file model-v2.txt (compact mmCIF, C-alpha atoms)
# COMPACT_ATOMS: atom_id res chain seq x y z
CA MET O 1024 -21.83 -6.94 2.29
CA ASN O 1025 -24.00 -6.53 5.39
CA ALA O 1026 -23.71 -4.58 8.63
CA GLY O 1027 -21.44 -6.45 11.01
CA GLU O 1028 -19.37 -8.02 8.25
CA LEU O 1029 -15.66 -7.50 7.92
CA THR O 1030 -14.27 -7.75 4.41
CA ILE O 1031 -10.64 -8.15 3.42
CA LEU O 1032 -10.04 -6.29 0.16
CA VAL O 1033 -7.32 -8.02 -1.84
CA GLY O 1034 -5.57 -6.75 -4.95
CA THR O 1035 -3.83 -9.37 -7.08
CA THR O 1036 -2.18 -9.83 -10.45
CA LYS O 1037 -5.45 -11.34 -11.72
CA GLY O 1038 -8.14 -9.04 -10.35
CA ALA O 1039 -9.61 -8.00 -7.02
CA PHE O 1040 -10.88 -10.50 -4.46
CA LEU O 1041 -13.13 -9.95 -1.41
CA ILE O 1042 -12.75 -12.21 1.64
CA SER O 1043 -15.81 -11.75 3.85
CA GLY O 1044 -16.16 -12.85 7.45
CA LYS O 1045 -18.97 -12.95 9.97
CA GLN O 1046 -19.31 -10.46 12.80
CA ASP O 1047 -17.01 -12.58 14.97
CA ARG O 1048 -14.38 -12.64 12.19
CA SER O 1049 -14.96 -16.27 11.26
CA GLY O 1050 -16.46 -18.21 8.35
CA TRP O 1051 -14.32 -16.51 5.71
CA GLU O 1052 -15.61 -16.73 2.13
CA VAL O 1053 -13.78 -15.62 -1.01
CA SER O 1054 -15.41 -13.90 -3.99
CA GLY O 1055 -13.69 -12.93 -7.22
CA PRO O 1056 -11.88 -12.32 -9.37
CA HIS O 1057 -13.47 -8.92 -9.89
CA CYS O 1058 -12.44 -6.12 -12.27
CA ASP O 1059 -12.28 -8.36 -15.36
CA GLY O 1060 -9.03 -9.93 -14.17
CA TRP O 1061 -7.05 -6.70 -14.44
CA PRO O 1062 -3.84 -6.50 -12.42
CA ILE O 1063 -5.04 -4.64 -9.31
CA ASN O 1064 -2.36 -2.96 -7.23
CA HIS O 1065 -4.59 -1.53 -4.51
CA VAL O 1066 -8.19 -1.90 -3.29
CA ILE O 1067 -9.76 0.39 -0.68
CA GLY O 1068 -13.25 0.76 0.72
CA ASP O 1069 -15.39 3.22 2.62
CA ALA O 1070 -17.19 1.42 5.44
CA ALA O 1071 -19.83 4.14 5.89
CA SER O 1072 -21.08 4.00 2.29
CA GLY O 1073 -19.93 0.53 1.26
CA LYS O 1074 -18.12 1.91 -1.79
CA ILE O 1075 -15.03 0.12 -3.06
CA TRP O 1076 -12.32 1.35 -5.42
CA ALA O 1077 -9.65 -0.77 -7.13
CA GLY O 1078 -6.70 0.71 -9.00
CA GLY O 1079 -4.31 -1.00 -11.34
CA GLY O 1080 -3.55 -1.73 -14.96
CA GLY O 1081 -0.33 -2.17 -16.85
CA ASP O 1082 1.27 -2.08 -20.25
CA TRP O 1083 -1.57 -4.05 -21.87
CA HIS O 1084 -4.64 -2.40 -20.30
CA GLY O 1085 -3.27 1.03 -19.50
CA ALA O 1086 -4.17 2.55 -16.12
CA GLY O 1087 -7.62 2.64 -14.58
CA VAL O 1088 -9.75 2.75 -11.44
CA TRP O 1089 -12.66 0.38 -10.91
CA ARG O 1090 -15.48 1.40 -8.58
CA CYS O 1091 -18.31 -0.52 -6.94
CA LYS O 1092 -21.29 0.59 -4.83
CA ASP O 1093 -22.93 -2.74 -3.99
CA GLY O 1094 -20.45 -4.85 -2.07
CA GLY O 1095 -18.66 -6.32 -5.05
CA GLU O 1096 -21.54 -7.26 -7.34
CA ASN O 1097 -21.17 -4.62 -10.06
CA TRP O 1098 -18.09 -2.69 -11.08
CA LYS O 1099 -17.55 0.29 -13.37
CA LEU O 1100 -14.21 1.22 -14.88
CA THR O 1101 -12.67 4.64 -15.36
CA ARG O 1102 -9.90 4.17 -17.90
CA LEU O 1103 -7.25 6.85 -17.57
CA THR O 1104 -4.45 5.97 -19.99
CA LYS O 1105 -4.09 3.75 -23.01
CA GLY O 1106 -2.30 0.43 -23.23
CA SER O 1107 -0.99 -1.74 -26.03
CA MET O 1108 -4.46 -3.27 -26.42
CA ASP O 1109 -5.61 0.09 -27.76
CA ASP O 1110 -2.96 0.02 -30.47
CA TRP O 1111 -3.93 -3.54 -31.34
CA ALA O 1112 -7.65 -2.75 -31.44
CA ALA O 1113 -7.08 0.35 -33.58
CA ASN O 1114 -5.53 -1.88 -36.24
CA ASP O 1115 -7.82 -4.92 -35.90
CA PRO O 1116 -11.58 -4.28 -36.26
CA ASP O 1117 -12.44 -7.86 -35.26
CA PHE O 1118 -10.47 -7.59 -32.03
CA ALA O 1119 -11.96 -4.16 -31.36
CA ALA O 1120 -15.47 -5.62 -31.74
CA LEU O 1121 -14.59 -8.58 -29.53
CA ILE O 1122 -13.58 -6.38 -26.59
CA GLY O 1123 -16.09 -3.58 -27.27
CA TRP O 1124 -13.37 -1.05 -27.99
CA SER O 1125 -14.06 2.38 -29.48
CA ALA O 1126 -11.60 4.98 -30.72
CA GLN O 1127 -12.24 7.54 -28.01
CA PRO O 1128 -9.26 9.41 -26.56
CA LEU O 1129 -8.43 8.65 -22.95
CA PRO O 1130 -8.14 11.59 -20.54
CA HIS O 1131 -4.46 11.17 -19.68
CA GLY O 1132 -3.09 9.74 -22.93
CA ASP O 1133 -0.04 7.66 -22.10
CA ALA O 1134 1.21 9.77 -19.16
CA PHE O 1135 1.39 6.75 -16.81
CA SER O 1136 0.90 3.00 -17.06
CA GLN O 1137 -0.59 1.97 -13.71
CA ILE O 1138 -2.47 3.10 -10.64
CA TRP O 1139 -0.39 1.94 -7.68
CA SER O 1140 -2.17 3.38 -4.66
CA LEU O 1141 -5.50 4.86 -3.60
CA GLY O 1142 -6.63 6.92 -0.62
CA CYS O 1143 -9.86 8.63 0.36
CA SER O 1144 -10.17 11.63 2.67
CA ASN O 1145 -12.66 14.43 3.16
CA GLY O 1146 -14.66 13.56 0.04
CA ARG O 1147 -11.66 13.34 -2.28
CA LEU O 1148 -10.18 10.21 -3.80
CA TYR O 1149 -6.43 10.27 -4.45
CA ALA O 1150 -4.43 7.97 -6.71
CA GLY O 1151 -0.70 7.40 -7.02
CA THR O 1152 0.68 6.24 -10.34
CA LYS O 1153 3.65 4.66 -12.09
CA PRO O 1154 5.65 6.72 -13.05
CA ALA O 1155 5.12 8.67 -9.85
CA ARG O 1156 2.35 11.25 -10.13
CA LEU O 1157 -0.52 12.17 -7.83
CA LEU O 1158 -4.11 12.38 -9.09
CA ALA O 1159 -7.25 13.55 -7.31
CA SER O 1160 -10.96 13.00 -7.90
CA SER O 1161 -13.94 14.88 -6.47
CA ASP O 1162 -16.58 12.65 -8.09
CA ASP O 1163 -15.92 9.25 -6.48
CA GLY O 1164 -13.41 8.23 -9.11
CA GLU O 1165 -15.34 8.97 -12.30
CA SER O 1166 -12.63 11.45 -13.33
CA PHE O 1167 -9.20 12.48 -12.09
CA SER O 1168 -7.02 15.55 -12.38
CA HIS O 1169 -3.28 15.91 -11.80
CA VAL O 1170 -2.03 17.40 -8.53
CA GLU O 1171 0.52 19.54 -10.32
CA SER O 1172 2.06 20.93 -7.14
CA LEU O 1173 3.58 17.51 -6.48
CA ASN O 1174 4.11 16.44 -10.07
CA ASN O 1175 6.08 19.62 -10.72
CA HIS O 1176 8.01 19.53 -7.46
CA PRO O 1177 11.46 21.15 -7.82
CA SER O 1178 13.10 17.82 -7.01
CA ALA O 1179 11.09 15.78 -9.53
CA GLU O 1180 13.83 15.56 -12.13
CA SER O 1181 16.11 13.91 -9.56
CA TRP O 1182 13.66 11.15 -8.56
CA ASN O 1183 15.11 7.71 -9.31
CA PRO O 1184 13.14 4.49 -9.82
CA GLY O 1185 13.28 1.55 -7.46
CA ALA O 1186 13.33 -2.04 -8.68
CA ALA O 1187 9.62 -1.85 -9.56
CA GLY O 1188 9.99 1.52 -11.24
CA LEU O 1189 9.27 5.03 -10.05
CA VAL O 1190 6.02 4.55 -8.13
CA LEU O 1191 3.87 6.58 -5.76
CA HIS O 1192 2.74 3.72 -3.54
CA THR O 1193 1.70 5.16 -0.16
CA ILE O 1194 -0.85 7.86 0.67
CA VAL O 1195 -1.31 8.73 4.36
CA PHE O 1196 -3.86 11.11 5.90
CA ASP O 1197 -4.34 12.86 9.22
CA PRO O 1198 -7.93 11.91 10.17
CA GLU O 1199 -8.35 15.15 12.13
CA ASN O 1200 -6.85 17.52 9.57
CA SER O 1201 -7.66 17.04 5.89
CA GLU O 1202 -4.94 19.54 4.94
CA LYS O 1203 -2.22 17.10 6.03
CA ILE O 1204 -1.14 14.35 3.63
CA TRP O 1205 2.05 12.27 3.46
CA LEU O 1206 3.23 10.34 0.41
CA GLY O 1207 5.78 7.59 -0.12
CA ILE O 1208 7.57 7.42 -3.47
CA SER O 1209 10.11 4.79 -4.39
CA ALA O 1210 12.79 5.93 -4.73
CA ALA O 1211 12.25 9.59 -3.97
CA GLY O 1212 11.29 9.32 -0.31
CA VAL O 1213 8.64 10.97 1.83
CA PHE O 1214 6.72 14.09 0.84
CA ALA O 1215 4.25 16.02 3.00
CA THR O 1216 1.74 18.82 2.63
CA GLU O 1217 0.02 20.77 5.38
CA ASP O 1218 -2.03 23.02 3.08
CA GLY O 1219 -4.14 20.47 1.25
CA GLY O 1220 -1.65 19.88 -1.55
CA LYS O 1221 -0.82 23.46 -2.52
CA THR O 1222 2.82 22.88 -1.55
CA TRP O 1223 4.91 19.81 -0.71
CA GLU O 1224 7.99 19.36 1.47
CA ARG O 1225 10.45 16.52 1.02
CA ARG O 1226 11.05 14.89 4.42
CA ASN O 1227 13.85 12.33 4.63
CA ARG O 1228 16.28 13.88 7.13
CA LEU O 1229 17.98 11.70 9.74
CA SER O 1230 17.69 12.70 13.39
CA ASN O 1231 21.25 11.49 14.05
CA ALA O 1232 23.18 11.35 10.80
CA ALA O 1233 26.52 10.41 12.36
CA ALA O 1234 25.12 7.22 13.93
CA CYS O 1235 23.63 6.07 10.63
CA GLU O 1236 26.64 6.39 8.36
CA GLY O 1237 28.91 3.59 7.21
CA HIS O 1238 26.43 1.38 5.34
CA ASP O 1239 27.60 0.23 1.93
CA HIS O 1240 24.18 -0.70 0.51
CA PRO O 1241 23.01 1.58 -2.35
CA ALA O 1242 19.70 2.25 -0.55
CA ALA O 1243 21.29 2.85 2.85
CA PRO O 1244 21.16 6.16 4.71
CA ARG O 1245 23.72 8.70 3.64
CA ASP O 1246 24.23 12.42 3.24
CA GLY O 1247 22.08 13.04 6.32
CA GLU O 1248 18.99 11.29 4.89
CA THR O 1249 17.31 7.93 5.46
CA GLY O 1250 17.63 6.67 1.92
CA HIS O 1251 14.91 7.54 -0.54
CA CYS O 1252 13.56 4.04 -1.23
CA VAL O 1253 10.71 4.15 1.28
CA HIS O 1254 8.63 0.96 0.99
CA ASN O 1255 5.61 1.68 3.20
CA MET O 1256 4.57 4.24 5.78
CA MET O 1257 1.80 4.65 8.35
CA ARG O 1258 0.69 7.33 10.78
CA ALA O 1259 0.14 6.33 14.41
CA PRO O 1260 -3.10 7.20 16.25
CA GLY O 1261 -3.21 10.28 18.44
CA ASN O 1262 -2.77 14.02 18.14
CA GLY O 1263 0.94 13.99 17.30
CA ASP O 1264 2.35 13.39 13.84
CA LEU O 1265 4.05 10.11 14.73
CA LEU O 1266 5.02 8.16 11.60
CA TYR O 1267 6.66 4.80 10.99
CA GLN O 1268 8.19 3.59 7.75
CA GLN O 1269 9.70 0.41 6.41
CA ASN O 1270 12.48 1.49 4.11
CA HIS O 1271 14.47 -0.58 1.64
CA HIS O 1272 17.18 -0.37 4.28
CA GLY O 1273 15.71 -0.37 7.78
CA VAL O 1274 12.68 0.58 9.86
CA TRP O 1275 12.33 4.22 10.89
CA ARG O 1276 10.28 6.31 13.34
CA SER O 1277 9.50 10.02 13.14
CA ALA O 1278 7.90 11.92 16.03
CA ASP O 1279 7.58 15.14 14.03
CA GLY O 1280 5.67 14.29 10.89
CA GLY O 1281 8.69 13.12 8.94
CA ARG O 1282 10.90 16.15 9.54
CA SER O 1283 13.45 13.84 11.17
CA TRP O 1284 13.73 10.05 11.36
CA ASP O 1285 15.15 7.68 14.01
CA ASP O 1286 16.52 4.23 13.16
CA ILE O 1287 14.57 1.52 15.05
CA ASN O 1288 15.93 -1.51 13.24
CA ASP O 1289 17.98 -2.92 16.16
CA GLY O 1290 16.58 -6.29 17.20
CA LEU O 1291 15.15 -7.19 13.78
CA PRO O 1292 16.72 -10.02 11.76
CA SER O 1293 17.31 -7.92 8.66
CA THR O 1294 17.15 -4.37 7.35
CA PHE O 1295 14.91 -5.36 4.41
CA GLY O 1296 11.14 -5.71 4.21
CA PHE O 1297 8.06 -4.11 2.71
CA PRO O 1298 5.00 -3.48 4.95
CA ILE O 1299 4.56 -1.77 8.32
CA ARG O 1300 1.45 -1.66 10.50
CA VAL O 1301 0.55 0.45 13.56
CA HIS O 1302 -1.98 -0.46 16.25
CA PRO O 1303 -5.27 1.45 15.83
CA ARG O 1304 -5.18 2.80 19.42
CA ASP O 1305 -1.65 2.33 20.78
CA PRO O 1306 0.94 4.45 18.94
CA ASP O 1307 3.83 2.40 20.36
CA THR O 1308 2.64 -0.99 19.05
CA ILE O 1309 3.80 -1.80 15.54
CA TRP O 1310 4.30 -4.84 13.32
CA THR O 1311 6.53 -5.51 10.35
CA LEU O 1312 7.52 -8.53 8.29
CA PRO O 1313 11.27 -8.66 7.59
CA LEU O 1314 12.65 -10.54 4.60
CA ASN O 1315 16.15 -11.92 4.33
CA SER O 1316 17.52 -9.31 1.87
CA ASP O 1317 16.78 -7.64 -1.42
CA ALA O 1318 19.35 -9.68 -3.38
CA GLY O 1319 19.06 -12.91 -1.38
CA GLY O 1320 15.59 -14.01 -2.46
CA ARG O 1321 13.23 -11.70 -0.52
CA TYR O 1322 11.78 -14.41 1.73
CA PRO O 1323 11.59 -14.76 5.54
CA PRO O 1324 14.98 -15.19 7.23
CA ASP O 1325 15.90 -18.87 7.55
CA ALA O 1326 12.79 -19.63 5.44
CA ALA O 1327 10.69 -19.47 8.63
CA ALA O 1328 7.87 -16.90 8.60
CA ALA O 1329 7.41 -14.43 11.43
CA VAL O 1330 5.65 -11.15 12.00
CA TRP O 1331 7.81 -9.02 14.28
CA LYS O 1332 6.05 -6.94 16.92
CA SER O 1333 7.19 -4.03 19.04
CA SER O 1334 5.20 -2.70 21.99
CA ASP O 1335 7.58 0.14 22.80
CA GLY O 1336 7.83 2.12 19.58
CA GLY O 1337 10.63 0.03 18.10
CA GLN O 1338 13.00 -0.07 21.08
CA SER O 1339 12.64 -3.86 21.17
CA TRP O 1340 11.12 -6.53 18.90
CA GLN O 1341 9.62 -9.99 19.32
CA ALA O 1342 9.02 -12.61 16.61
CA LYS O 1343 5.46 -13.95 16.40
CA ARG O 1344 5.45 -17.32 14.63
CA GLU O 1345 2.46 -19.32 15.89
CA GLY O 1346 0.42 -20.57 12.94
CA LEU O 1347 2.93 -19.44 10.32
CA PRO O 1348 5.04 -21.84 8.22
CA GLN O 1349 8.41 -22.54 9.83
CA LYS O 1350 10.03 -24.72 7.19
CA ALA O 1351 10.76 -24.10 3.51
CA CYS O 1352 8.82 -20.81 3.50
CA PHE O 1353 9.91 -18.67 0.57
CA PHE O 1354 7.02 -16.27 0.11
CA THR O 1355 7.26 -12.48 -0.14
CA VAL O 1356 4.87 -10.02 1.48
CA LEU O 1357 4.75 -6.84 -0.59
CA ARG O 1358 4.57 -3.21 0.53
CA GLN O 1359 0.76 -2.81 0.53
CA ALA O 1360 -0.08 -6.38 1.50
CA MET O 1361 -0.55 -5.95 5.27
CA ALA O 1362 -3.53 -4.30 6.96
CA GLY O 1363 -5.58 -4.31 10.15
CA ASP O 1364 -8.99 -3.66 11.63
CA ASP O 1365 -9.90 -1.34 14.51
CA ARG O 1366 -11.58 -3.93 16.74
CA ASP O 1367 -10.55 -4.94 20.25
CA PRO O 1368 -8.39 -6.98 20.15
CA ALA O 1369 -7.13 -5.59 16.85
CA GLY O 1370 -7.05 -7.91 13.87
CA LEU O 1371 -4.12 -8.11 11.45
CA TYR O 1372 -4.05 -9.52 7.93
CA PHE O 1373 -1.35 -10.06 5.31
CA GLY O 1374 -1.14 -11.63 1.87
CA THR O 1375 1.72 -13.37 0.09
CA ASN O 1376 3.01 -13.62 -3.44
CA SER O 1377 2.21 -17.34 -3.20
CA GLY O 1378 -1.50 -16.53 -2.94
CA SER O 1379 -2.21 -16.97 0.78
CA VAL O 1380 -3.91 -14.56 3.18
CA PHE O 1381 -3.20 -14.94 6.90
CA ALA O 1382 -5.20 -13.42 9.77
CA SER O 1383 -4.47 -12.76 13.43
CA LEU O 1384 -7.35 -11.92 15.77
CA ASP O 1385 -5.13 -11.45 18.84
CA GLU O 1386 -2.93 -8.55 17.78
CA GLY O 1387 -0.33 -10.65 16.03
CA GLU O 1388 0.27 -13.29 18.70
CA SER O 1389 -1.04 -16.15 16.54
CA TRP O 1390 -1.99 -16.59 12.90
CA LYS O 1391 -4.31 -18.63 10.69
CA GLU O 1392 -4.48 -18.96 6.92
CA ILE O 1393 -7.93 -17.78 5.76
CA ALA O 1394 -7.43 -17.98 1.99
CA SER O 1395 -5.05 -19.87 -0.24
CA HIS O 1396 -4.24 -20.40 -3.93
CA LEU O 1397 -5.08 -16.84 -4.91
CA PRO O 1398 -2.97 -15.11 -7.55
CA THR O 1399 0.03 -13.09 -6.37
CA VAL O 1400 -1.28 -10.76 -3.65
CA LEU O 1401 -0.30 -7.12 -4.25
CA SER O 1402 -2.37 -5.39 -1.56
CA VAL O 1403 -4.55 -6.04 1.48
CA GLU O 1404 -6.96 -3.58 3.09
CA VAL O 1405 -9.90 -3.95 5.49
CA MET O 1406 -13.46 -2.64 5.27
CA ASP O 1407 -15.32 -3.20 8.54
CA ARG O 1408 -19.06 -2.48 8.63
CA GLU O 1409 -19.27 -3.30 12.35
call {"tool": "encode", "arguments": {"input": "model-v2.txt", "output": "structure tokens"}}
result
Amino acid sequence: MNAGELTILVGTTKGAFLISGKQDRSGWEVSGPHCDGWPINHVIGDAASGKIWAGGGGDWHGAGVWRCKDGGENWKLTRLTKGSMDDWAANDPDFAALIGWSAQPLPHGDAFSQIWSLGCSNGRLYAGTKPARLLASSDDGESFSHVESLNNHPSAESWNPGAAGLVLHTIVFDPENSEKIWLGISAAGVFATEDGGKTWERRNRLSNAAACEGHDHPAAPRDGETGHCVHNMMRAPGNGDLLYQQNHHGVWRSADGGRSWDDINDGLPSTFGFPIRVHPRDPDTIWTLPLNSDAGGRYPPDAAAAVWKSSDGGQSWQAKREGLPQKACFFTVLRQAMAGDDRDPAGLYFGTNSGSVFASLDEGESWKEIASHLPTVLSVEVMDRE
């Protein structure tokens, strides 16, 4: 991974993949699978140092974080919890020898089964787990400790799982203030700290509760709150705490750091979807990828793919279809599977559960498939060494 290269970091059900492009964002080449084929829920990178982290696992492997310092050549694993392979190996010396297993206790026992999200800020690496807990590392991911202030939140006993379980899937930072962090938990909602994680506030209140009542969907807004099944969330650029979220039921905007949320779903073809993306310089330009419904198949409405773009903070929306399949398209784009670069014009990238990765180099106006036939794509992030 050289200076000037842009690399798409892709987490899949069969390992991590790196899609590298030239300085002009062309000539894409795929490497992988990395991480011994583990299910990888999220891959992030630090452009300044070139370090990459990949989090994942599951019932078989247990949870772990892989880390790499050389652009994808060599990876080291920090195992955090045990999986069923440990029970098997403990009772089968031949299998234990085959996989190089030793009977050493793992630091977090069986407290969680997967790493679902990663985030790096101010020298600390954070990890969200399934079931929902927050971990932090001060040694580049070699070890992790629990952030007990969140894990022991007074509301924790009331948190309910979404369809994928109770997962901490989104970690958002304020680049100018390391004390500010926002989290998305499905289905417990948005949590925020402004003191570096000493305390956390639950932030799901509607700005206009009366206008949002009357929905009969289980995940719909009610009781003065948005609905706790937040799918993805992103902070907009600038000095204000402007946030956007794609919820299980609608797209929402908060101008006050999540203390109140406005419904901006009008003009979209459905209330259901997973990812949301904000322009790196324009806080009013956002993209999302609606799906038909949660129970109707979770594919693009009318089986015709479109990324929907708003240039006015969600007051109006336009479908961007050029280069995307418009017939018999039944893929799903998951909550962490859409990302962007900071170039001008900004690039956008998303991956599908059918193993494709699409790129737009003109801020979402047109699209091109840059990788295909990958395993199910769980996450997409960008590391740009421009």
call {"tool": "closest_residue", "arguments": {"input": "model-v2.txt", "among": "O:Gly1220, O:Gly1337, O:Gly1164, O:Gly1079", "to": "Gly1273 in chain O", "atoms": "all atoms listed in the file"}}
result
O:Gly1337
call {"tool": "residues_around", "arguments": {"input": "model-v2.txt", "residues": "Thr1308 in chain O", "least_positions_apart": "6", "cutoff": "6 Å", "atoms": "all atoms listed in the file", "output": "list in words"}}
result
His1302, Ser1333 and Ser1334 of chain O
call {"tool": "residues_near_point", "arguments": {"input": "model-v2.txt", "point": "(-6.5, 6.2, -16.8)", "cutoff": "6 Å", "atoms": "only C-alpha atoms", "output": "count of residues only"}}
result
5
call {"tool": "closest_residue", "arguments": {"input": "model-v2.txt", "among": "O:Lys1153, O:Lys1343, O:Lys1074, O:Arg1358", "to": "Lys1092 in chain O", "atoms": "all atoms listed in the file"}}
result
O:Lys1074
call {"tool": "closest_residue", "arguments": {"input": "model-v2.txt", "among": "O:Val1274, O:Leu1191, O:Ala1318, O:Val1170", "to": "Pro1241 in chain O", "atoms": "all atoms listed in the file"}}
result
O:Ala1318
call {"tool": "closest_residue", "arguments": {"input": "model-v2.txt", "among": "O:Arg1225, O:Phe1354, O:Glu1052, O:Ser1395", "to": "Pro1323 in chain O", "atoms": "all atoms listed in the file"}}
result
O:Phe1354
call {"tool": "residues_near_point", "arguments": {"input": "model-v2.txt", "point": "(21.6, -6.7, -1.4)", "cutoff": "9 Å", "atoms": "all atoms listed in the file", "output": "ChimeraX atom specification"}}
result
/O:1240-1241,1295,1316-1319
call {"tool": "closest_residue", "arguments": {"input": "model-v2.txt", "among": "O:Leu1041, O:Val1066, O:Val1253, O:Ala1342", "to": "Gly1290 in chain O", "atoms": "all atoms listed in the file"}}
result
O:Ala1342
call {"tool": "closest_residue", "arguments": {"input": "model-v2.txt", "among": "O:Thr1036, O:Asn1227, O:Gln1341, O:Ser1049", "to": "Arg1245 in chain O", "atoms": "all atoms listed in the file"}}
result
O:Asn1227
call {"tool": "residues_around", "arguments": {"input": "model-v2.txt", "residues": "Asp1109 in chain O", "least_positions_apart": "2", "cutoff": "10 Å", "atoms": "all atoms listed in the file", "output": "PyMOL selection string"}}
result
chain O and resi 1083-1085+1104-1107+1111-1115+1119+1124-1127
call {"tool": "atom_distance", "arguments": {"input": "model-v2.txt", "atom1": "CA of Pro1292 in chain O", "atom2": "CA of Tyr1322 in chain O"}}
result
12.0 Å
call {"tool": "axis_aligned_box", "arguments": {"input": "model-v2.txt", "around": "range 1108-1113 of chain O", "padding_each_side": "6 Å", "output": "AutoDock Vina command-line options"}}
result
--center_x -5.3 --center_y -1.6 --center_z -30.0 --size_x 16.7 --size_y 15.9 --size_z 19.2
call {"tool": "residues_around", "arguments": {"input": "model-v2.txt", "residues": "Met1256 in chain O", "least_positions_apart": "3", "cutoff": "9 Å", "atoms": "all atoms listed in the file", "output": "PyMOL selection string"}}
result
chain O and resi 1193-1195+1205-1207+1213+1253+1266-1270+1298-1300
call {"tool": "residues_around", "arguments": {"input": "model-v2.txt", "residues": "Asn1262 in chain O", "least_positions_apart": "5", "cutoff": "12 Å", "atoms": "all atoms listed in the file", "output": "PyMOL selection string"}}
result
chain O and resi 1197-1200+1278-1280+1304+1306
call {"tool": "residues_around", "arguments": {"input": "model-v2.txt", "residues": "Ala1159 in chain O", "least_positions_apart": "5", "cutoff": "6 Å", "atoms": "only C-alpha atoms", "output": "list in words"}}
result
Leu1148, Tyr1149, Phe1167 and Ser1168 of chain O
call {"tool": "write_last_selection", "arguments": {"input": "model-v2.txt", "atoms": "C-alpha atoms", "output": "PDB file, in the coordinates of the input"}}
result
ATOM      1  CA  LEU O1148     -10.180  10.210  -3.800  1.00  0.00           C
ATOM      2  CA  TYR O1149      -6.430  10.270  -4.450  1.00  0.00           C
ATOM      3  CA  PHE O1167      -9.200  12.480 -12.090  1.00  0.00           C
ATOM      4  CA  SER O1168      -7.020  15.550 -12.380  1.00  0.00           C
TER       5      SER O1168
END
call {"tool": "atom_distance", "arguments": {"input": "model-v2.txt", "atom1": "CA of Ser1209 in chain O", "atom2": "CA of Asp1133 in chain O"}}
result
20.6 Å
call {"tool": "atom_distance", "arguments": {"input": "model-v2.txt", "atom1": "CA of Met1406 in chain O", "atom2": "CA of Ser1389 in chain O"}}
result
21.5 Å
